[in-house]
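Okay, start_24.pdb is below, PDB, C-alpha atoms:
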```pdb
ATOM      1  CA  MET E   1     -27.979 -24.104 -31.858
ATOM      2  CA  ALA E   2     -25.601 -24.010 -28.893
ATOM      3  CA  SER E   3     -26.027 -22.938 -25.264
ATOM      4  CA  ARG E   4     -23.556 -20.373 -23.951
ATOM      5  CA  ILE E   5     -21.349 -20.909 -20.918
ATOM      6  CA  GLU E   6     -19.956 -17.881 -19.097
ATOM      7  CA  HIS E   7     -18.115 -17.927 -15.775
ATOM      8  CA  ARG E   8     -15.897 -15.491 -13.885
ATOM      9  CA  ALA E   9     -13.957 -16.142 -10.677
ATOM     10  CA  GLU E  10     -11.767 -13.761  -8.688
ATOM     11  CA  PHE E  11      -8.827 -14.827  -6.541
ATOM     12  CA  THR E  12      -6.697 -12.927  -4.030
ATOM     13  CA  HIS E  13      -3.501 -14.623  -5.224
ATOM     14  CA  GLY E  14      -1.307 -13.867  -8.225
ATOM     15  CA  VAL E  15      -1.786 -15.254 -11.708
ATOM     16  CA  ASP E  16       0.958 -17.883 -11.514
ATOM     17  CA  GLU E  17      -0.215 -19.116  -8.103
ATOM     18  CA  VAL E  18      -3.775 -19.460  -9.397
ATOM     19  CA  LEU E  19      -2.589 -21.295 -12.506
ATOM     20  CA  ALA E  20      -0.647 -23.738 -10.333
ATOM     21  CA  ALA E  21      -3.783 -24.278  -8.209
ATOM     22  CA  GLN E  22      -5.732 -24.942 -11.417
ATOM     23  CA  SER E  23      -3.263 -27.197 -13.190
ATOM     24  CA  ASP E  24      -0.569 -28.801 -11.006
ATOM     25  CA  GLU E  25      -0.883 -32.573 -10.861
ATOM     26  CA  PRO E  26      -1.282 -32.904  -7.040
ATOM     27  CA  VAL E  27      -4.002 -30.230  -7.033
ATOM     28  CA  LEU E  28      -5.871 -31.862  -9.905
ATOM     29  CA  LEU E  29      -5.802 -35.209  -8.094
ATOM     30  CA  ALA E  30      -7.119 -33.605  -4.894
ATOM     31  CA  ARG E  31      -9.814 -31.726  -6.836
ATOM     32  CA  LEU E  32     -10.886 -34.901  -8.620
ATOM     33  CA  ALA E  33     -11.062 -36.759  -5.309
ATOM     34  CA  GLN E  34     -13.393 -34.090  -3.951
ATOM     35  CA  LEU E  35     -15.396 -33.051  -7.038
ATOM     36  CA  GLY E  36     -14.758 -35.631  -9.760
ATOM     37  CA  GLY E  37     -17.538 -38.053  -8.960
ATOM     38  CA  GLN E  38     -17.445 -41.719  -9.866
ATOM     39  CA  HIS E  39     -14.929 -42.825 -12.488
ATOM     40  CA  ALA E  40     -12.724 -39.750 -11.842
ATOM     41  CA  SER E  41      -9.145 -39.917 -13.088
ATOM     42  CA  LEU E  42      -6.274 -37.781 -14.285
ATOM     43  CA  ASP E  43      -5.526 -39.426 -17.625
ATOM     44  CA  GLU E  44      -2.671 -37.229 -18.862
ATOM     45  CA  HIS E  45      -0.607 -34.349 -17.526
ATOM     46  CA  SER E  46       2.316 -32.618 -19.227
ATOM     47  CA  ARG E  47       4.229 -29.369 -18.922
ATOM     48  CA  THR E  48       6.098 -27.490 -21.588
ATOM     49  CA  GLY E  49       8.291 -24.426 -21.273
ATOM     50  CA  ASP E  50       5.341 -22.101 -21.737
ATOM     51  CA  GLY E  51       2.308 -24.116 -20.744
ATOM     52  CA  VAL E  52       0.512 -27.128 -19.366
ATOM     53  CA  ARG E  53      -1.942 -29.672 -20.760
ATOM     54  CA  PHE E  54      -4.058 -32.254 -18.991
ATOM     55  CA  LYS E  55      -6.917 -34.663 -19.581
ATOM     56  CA  LEU E  56      -9.457 -35.670 -16.946
ATOM     57  CA  THR E  57     -12.303 -38.121 -16.716
ATOM     58  CA  GLN E  58     -15.171 -37.167 -14.436
ATOM     59  CA  GLY E  59     -18.445 -38.898 -13.668
ATOM     60  CA  ILE E  60     -21.917 -37.710 -12.823
ATOM     61  CA  GLY E  61     -24.051 -40.360 -11.161
ATOM     62  CA  ALA E  62     -27.340 -41.178 -12.894
ATOM     63  CA  ASP E  63     -29.171 -40.372  -9.645
ATOM     64  CA  ARG E  64     -27.920 -36.745  -9.860
ATOM     65  CA  LEU E  65     -29.110 -36.171 -13.429
ATOM     66  CA  PRO E  66     -32.309 -34.333 -14.360
ATOM     67  CA  SER E  67     -35.135 -36.647 -15.449
ATOM     68  CA  ALA E  68     -34.971 -35.328 -19.031
ATOM     69  CA  VAL E  69     -31.366 -36.521 -19.275
ATOM     70  CA  ARG E  70     -32.078 -39.871 -17.580
ATOM     71  CA  ALA E  71     -34.821 -40.518 -20.139
ATOM     72  CA  LEU E  72     -32.277 -40.213 -22.967
ATOM     73  CA  HIS E  73     -29.118 -41.577 -21.381
ATOM     74  CA  LYS E  74     -29.056 -44.684 -19.250
ATOM     75  CA  GLY E  75     -26.533 -44.868 -16.431
ATOM     76  CA  ASP E  76     -23.856 -42.450 -15.267
ATOM     77  CA  LEU E  77     -22.514 -39.683 -17.488
ATOM     78  CA  ILE E  78     -18.797 -40.095 -18.128
ATOM     79  CA  VAL E  79     -17.174 -36.810 -19.126
ATOM     80  CA  HIS E  80     -13.782 -36.615 -20.835
ATOM     81  CA  ARG E  81     -12.204 -33.196 -20.503
ATOM     82  CA  GLU E  82      -9.040 -31.664 -21.920
ATOM     83  CA  GLN E  83      -7.494 -28.344 -20.862
ATOM     84  CA  THR E  84      -4.465 -26.502 -22.199
ATOM     85  CA  TRP E  85      -2.856 -23.361 -20.776
ATOM     86  CA  THR E  86      -0.287 -21.167 -22.548
ATOM     87  CA  ARG E  87       1.615 -18.133 -21.259
ATOM     88  CA  ALA E  88       0.181 -14.909 -22.716
ATOM     89  CA  GLY E  89       2.167 -11.873 -21.596
ATOM     90  CA  GLU E  90       1.574 -11.421 -17.861
ATOM     91  CA  GLY E  91      -1.257 -13.953 -17.802
ATOM     92  CA  TRP E  92      -2.401 -17.234 -19.305
ATOM     93  CA  THR E  93      -4.858 -18.240 -22.000
ATOM     94  CA  GLY E  94      -6.326 -21.626 -22.511
ATOM     95  CA  ALA E  95      -8.710 -23.846 -24.346
ATOM     96  CA  ALA E  96     -10.946 -26.526 -22.934
ATOM     97  CA  LYS E  97     -13.033 -29.175 -24.591
ATOM     98  CA  ALA E  98     -15.138 -31.990 -23.262
ATOM     99  CA  HIS E  99     -17.396 -34.733 -24.499
ATOM    100  CA  VAL E 100     -19.733 -37.171 -22.808
ATOM    101  CA  ASP E 101     -19.666 -40.872 -23.645
ATOM    102  CA  GLY E 102     -22.692 -41.748 -25.763
ATOM    103  CA  VAL E 103     -23.788 -38.149 -26.431
ATOM    104  CA  PRO E 104     -23.207 -36.678 -29.908
ATOM    105  CA  GLY E 105     -21.832 -33.265 -29.078
ATOM    106  CA  GLU E 106     -19.188 -31.382 -27.160
ATOM    107  CA  VAL E 107     -18.401 -28.521 -24.849
ATOM    108  CA  THR E 108     -15.749 -26.042 -25.944
ATOM    109  CA  ALA E 109     -14.430 -23.060 -24.037
ATOM    110  CA  ARG E 110     -11.775 -20.409 -23.995
ATOM    111  CA  THR E 111     -10.158 -19.618 -20.660
ATOM    112  CA  GLU E 112      -8.232 -16.538 -19.647
ATOM    113  CA  LEU E 113      -6.340 -15.895 -16.417
ATOM    114  CA  THR E 114      -5.301 -12.272 -15.939
ATOM    115  CA  ALA E 115      -3.987 -10.052 -13.163
ATOM    116  CA  SER E 116      -6.399  -7.809 -11.301
ATOM    117  CA  PRO E 117      -5.853  -5.125  -8.658
ATOM    118  CA  ASN E 118      -6.680  -7.671  -5.932
ATOM    119  CA  GLY E 119      -4.998 -10.758  -7.430
ATOM    120  CA  ALA E 120      -6.246 -12.618 -10.490
ATOM    121  CA  VAL E 121      -9.413 -13.173 -12.514
ATOM    122  CA  LEU E 122     -10.296 -16.399 -14.310
ATOM    123  CA  ARG E 123     -12.802 -16.059 -17.157
ATOM    124  CA  THR E 124     -14.367 -18.934 -19.041
ATOM    125  CA  SER E 125     -16.468 -18.437 -22.156
ATOM    126  CA  GLY E 126     -17.797 -21.325 -24.192
ATOM    127  CA  GLU E 127     -20.706 -23.304 -25.487
ATOM    128  CA  ALA E 128     -22.362 -26.689 -25.295
ATOM    129  CA  LYS E 129     -23.549 -28.327 -28.520
ATOM    130  CA  VAL E 130     -25.622 -31.501 -28.754
ATOM    131  CA  ARG E 131     -26.463 -32.901 -32.174
ATOM    132  CA  ILE E 132     -29.756 -34.666 -31.478
ATOM    133  CA  PRO E 133     -32.779 -33.419 -33.450
ATOM    134  CA  LEU E 134     -35.656 -31.914 -31.462
ATOM    135  CA  ILE E 135     -34.165 -32.405 -27.992
ATOM    136  CA  GLY E 136     -30.567 -31.275 -28.493
ATOM    137  CA  GLY E 137     -31.350 -27.736 -27.344
ATOM    138  CA  LYS E 138     -32.860 -28.965 -24.081
ATOM    139  CA  LEU E 139     -29.788 -31.108 -23.387
ATOM    140  CA  GLU E 140     -27.474 -28.223 -24.298
ATOM    141  CA  SER E 141     -29.072 -25.978 -21.697
ATOM    142  CA  VAL E 142     -28.839 -28.702 -19.019
ATOM    143  CA  ILE E 143     -25.180 -29.323 -19.887
ATOM    144  CA  ALA E 144     -24.360 -25.592 -19.888
ATOM    145  CA  GLU E 145     -26.000 -25.224 -16.467
ATOM    146  CA  GLN E 146     -24.099 -28.222 -15.061
ATOM    147  CA  VAL E 147     -20.774 -26.999 -16.482
ATOM    148  CA  THR E 148     -21.321 -23.575 -14.908
ATOM    149  CA  LYS E 149     -22.044 -25.182 -11.531
ATOM    150  CA  LEU E 150     -18.905 -27.305 -11.875
ATOM    151  CA  LEU E 151     -16.811 -24.215 -12.682
ATOM    152  CA  GLU E 152     -18.198 -22.531  -9.552
ATOM    153  CA  ARG E 153     -17.306 -25.542  -7.376
ATOM    154  CA  GLU E 154     -13.832 -25.728  -8.936
ATOM    155  CA  ALA E 155     -13.260 -22.004  -8.254
ATOM    156  CA  GLU E 156     -14.303 -22.529  -4.617
ATOM    157  CA  PHE E 157     -11.913 -25.492  -4.375
ATOM    158  CA  THR E 158      -9.091 -23.388  -5.879
ATOM    159  CA  ALA E 159      -9.692 -20.522  -3.429
ATOM    160  CA  LYS E 160      -9.619 -22.922  -0.472
ATOM    161  CA  TRP E 161      -6.482 -24.621  -1.808
ATOM    162  CA  LEU E 162      -4.740 -21.256  -2.142
ATOM    163  CA  ALA E 163      -5.832 -20.220   1.348
ATOM    164  CA  GLY E 164      -3.924 -23.100   2.740
TER
END
```
Could you show the structure in this file as structure tokens?
Amino acid sequence: MASRIEHRAEFTHGVDEVLAAQSDEPVLLARLAQLGGQHASLDEHSRTGDGVRFKLTQGIGADRLPSAVRALHKGDLIVHREQTWTRAGEGWTGAAKAHVDGVPGEVTARTELTASPNGAVLRTSGEAKVRIPLIGGKLESVIAEQVTKLLEREAEFTAKWLAG
């Protein structure tokens, strides 16, 4: 069983500006410095003619984890995340995946950045899967909740970055 992740963010800037604020190397470094936690790093970043790909490492301190997670995982959670974006007509589509060191499972998501009457809309739809009998479902829901909160904080960061 997997736990669903759904997130939607609206921006008052155009699609290409929002993509740049989501994927340009200087922005990613600034976002990691503010939101990445311990062990944060930009591990890879590359552009192609029609897209961008990057890998991040982010950390969640053990003291910020729910007790159910701390009981199963000792120490900080180290998250490895990969995102790709590809031009799709007037917008962008993407795929994201992440895994946590020492946890058998992954987070996968599809991302879509499209124009809207007021600017652009970023939609994320995915799921968290943890392959641990009996308690995997509980961990999945915690992970899905934490990913959604992270997406909200990243959208707030992007809006502030775009505002100047």
Problem set entry | Selection under test: the PyMOL selection byres ((chain E and resi 32) around 12); residues as a PyMOL selection string | chain E and resi 22-23+25-31+33-43+55-59+150+153-154+157-158
How would the residues just chosen look if you wrote them out with C-alpha atoms as a PDB file, in the frame of the given file?
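Result file is again-v4.pdb:
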```pdb
ATOM      1  CA  GLN E  22      -5.732 -24.942 -11.417  1.00  0.00           C
ATOM      2  CA  SER E  23      -3.263 -27.197 -13.190  1.00  0.00           C
ATOM      3  CA  GLU E  25      -0.883 -32.573 -10.861  1.00  0.00           C
ATOM      4  CA  PRO E  26      -1.282 -32.904  -7.040  1.00  0.00           C
ATOM      5  CA  VAL E  27      -4.002 -30.230  -7.033  1.00  0.00           C
ATOM      6  CA  LEU E  28      -5.871 -31.862  -9.905  1.00  0.00           C
ATOM      7  CA  LEU E  29      -5.802 -35.209  -8.094  1.00  0.00           C
ATOM      8  CA  ALA E  30      -7.119 -33.605  -4.894  1.00  0.00           C
ATOM      9  CA  ARG E  31      -9.814 -31.726  -6.836  1.00  0.00           C
ATOM     10  CA  ALA E  33     -11.062 -36.759  -5.309  1.00  0.00           C
ATOM     11  CA  GLN E  34     -13.393 -34.090  -3.951  1.00  0.00           C
ATOM     12  CA  LEU E  35     -15.396 -33.051  -7.038  1.00  0.00           C
ATOM     13  CA  GLY E  36     -14.758 -35.631  -9.760  1.00  0.00           C
ATOM     14  CA  GLY E  37     -17.538 -38.053  -8.960  1.00  0.00           C
ATOM     15  CA  GLN E  38     -17.445 -41.719  -9.866  1.00  0.00           C
ATOM     16  CA  HIS E  39     -14.929 -42.825 -12.488  1.00  0.00           C
ATOM     17  CA  ALA E  40     -12.724 -39.750 -11.842  1.00  0.00           C
ATOM     18  CA  SER E  41      -9.145 -39.917 -13.088  1.00  0.00           C
ATOM     19  CA  LEU E  42      -6.274 -37.781 -14.285  1.00  0.00           C
ATOM     20  CA  ASP E  43      -5.526 -39.426 -17.625  1.00  0.00           C
ATOM     21  CA  LYS E  55      -6.917 -34.663 -19.581  1.00  0.00           C
ATOM     22  CA  LEU E  56      -9.457 -35.670 -16.946  1.00  0.00           C
ATOM     23  CA  THR E  57     -12.303 -38.121 -16.716  1.00  0.00           C
ATOM     24  CA  GLN E  58     -15.171 -37.167 -14.436  1.00  0.00           C
ATOM     25  CA  GLY E  59     -18.445 -38.898 -13.668  1.00  0.00           C
ATOM     26  CA  LEU E 150     -18.905 -27.305 -11.875  1.00  0.00           C
ATOM     27  CA  ARG E 153     -17.306 -25.542  -7.376  1.00  0.00           C
ATOM     28  CA  GLU E 154     -13.832 -25.728  -8.936  1.00  0.00           C
ATOM     29  CA  PHE E 157     -11.913 -25.492  -4.375  1.00  0.00           C
ATOM     30  CA  THR E 158      -9.091 -23.388  -5.879  1.00  0.00           C
TER      31      THR E 158
END
```
Exercise. Care to translate the PyMOL selection byres ((chain E and resi 12) around 9) into actual residues of this file, as number ranges by chain?
Worked result: E: 10-11, 13-14, 18, 116, 118-121, 159, 162
Same residues, C-alpha atoms, saved as a PDB file, in the coordinates of the input:
```
ATOM      1  CA  GLU E  10     -11.767 -13.761  -8.688  1.00  0.00           C
ATOM      2  CA  PHE E  11      -8.827 -14.827  -6.541  1.00  0.00           C
ATOM      3  CA  HIS E  13      -3.501 -14.623  -5.224  1.00  0.00           C
ATOM      4  CA  GLY E  14      -1.307 -13.867  -8.225  1.00  0.00           C
ATOM      5  CA  VAL E  18      -3.775 -19.460  -9.397  1.00  0.00           C
ATOM      6  CA  SER E 116      -6.399  -7.809 -11.301  1.00  0.00           C
ATOM      7  CA  ASN E 118      -6.680  -7.671  -5.932  1.00  0.00           C
ATOM      8  CA  GLY E 119      -4.998 -10.758  -7.430  1.00  0.00           C
ATOM      9  CA  ALA E 120      -6.246 -12.618 -10.490  1.00  0.00           C
ATOM     10  CA  VAL E 121      -9.413 -13.173 -12.514  1.00  0.00           C
ATOM     11  CA  ALA E 159      -9.692 -20.522  -3.429  1.00  0.00           C
ATOM     12  CA  LEU E 162      -4.740 -21.256  -2.142  1.00  0.00           C
TER      13      LEU E 162
END
```
Exercise. Which of these, E:Arg123, E:Arg110, E:His80, E:Lys129, has the shortest distance to Ala155 in chain E once you count all atoms listed in the file?
Worked result: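 Smallest separation from Ala155 in chain E among the options: E:Arg123.
What separates CA of Ile143 in chain E from CA of Arg53 in chain E is a distance of 23.3 Å.
Nearest-residue note for Val130 in chain E: choosing from E:Glu152, E:Glu106, E:Glu90, E:Asp101, the minimum distance belongs to E:Glu106, counting only C-alpha atoms.
If you look at CA of Arg8 in chain E and CA of Phe54 in chain E, they are 21.1 Å away from each other.
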Exercise. Expressed in Å to a single decimal, how great is the separation between CA of Trp161 in chain E and CA of Thr114 in chain E?
Worked result: 18.8 Å
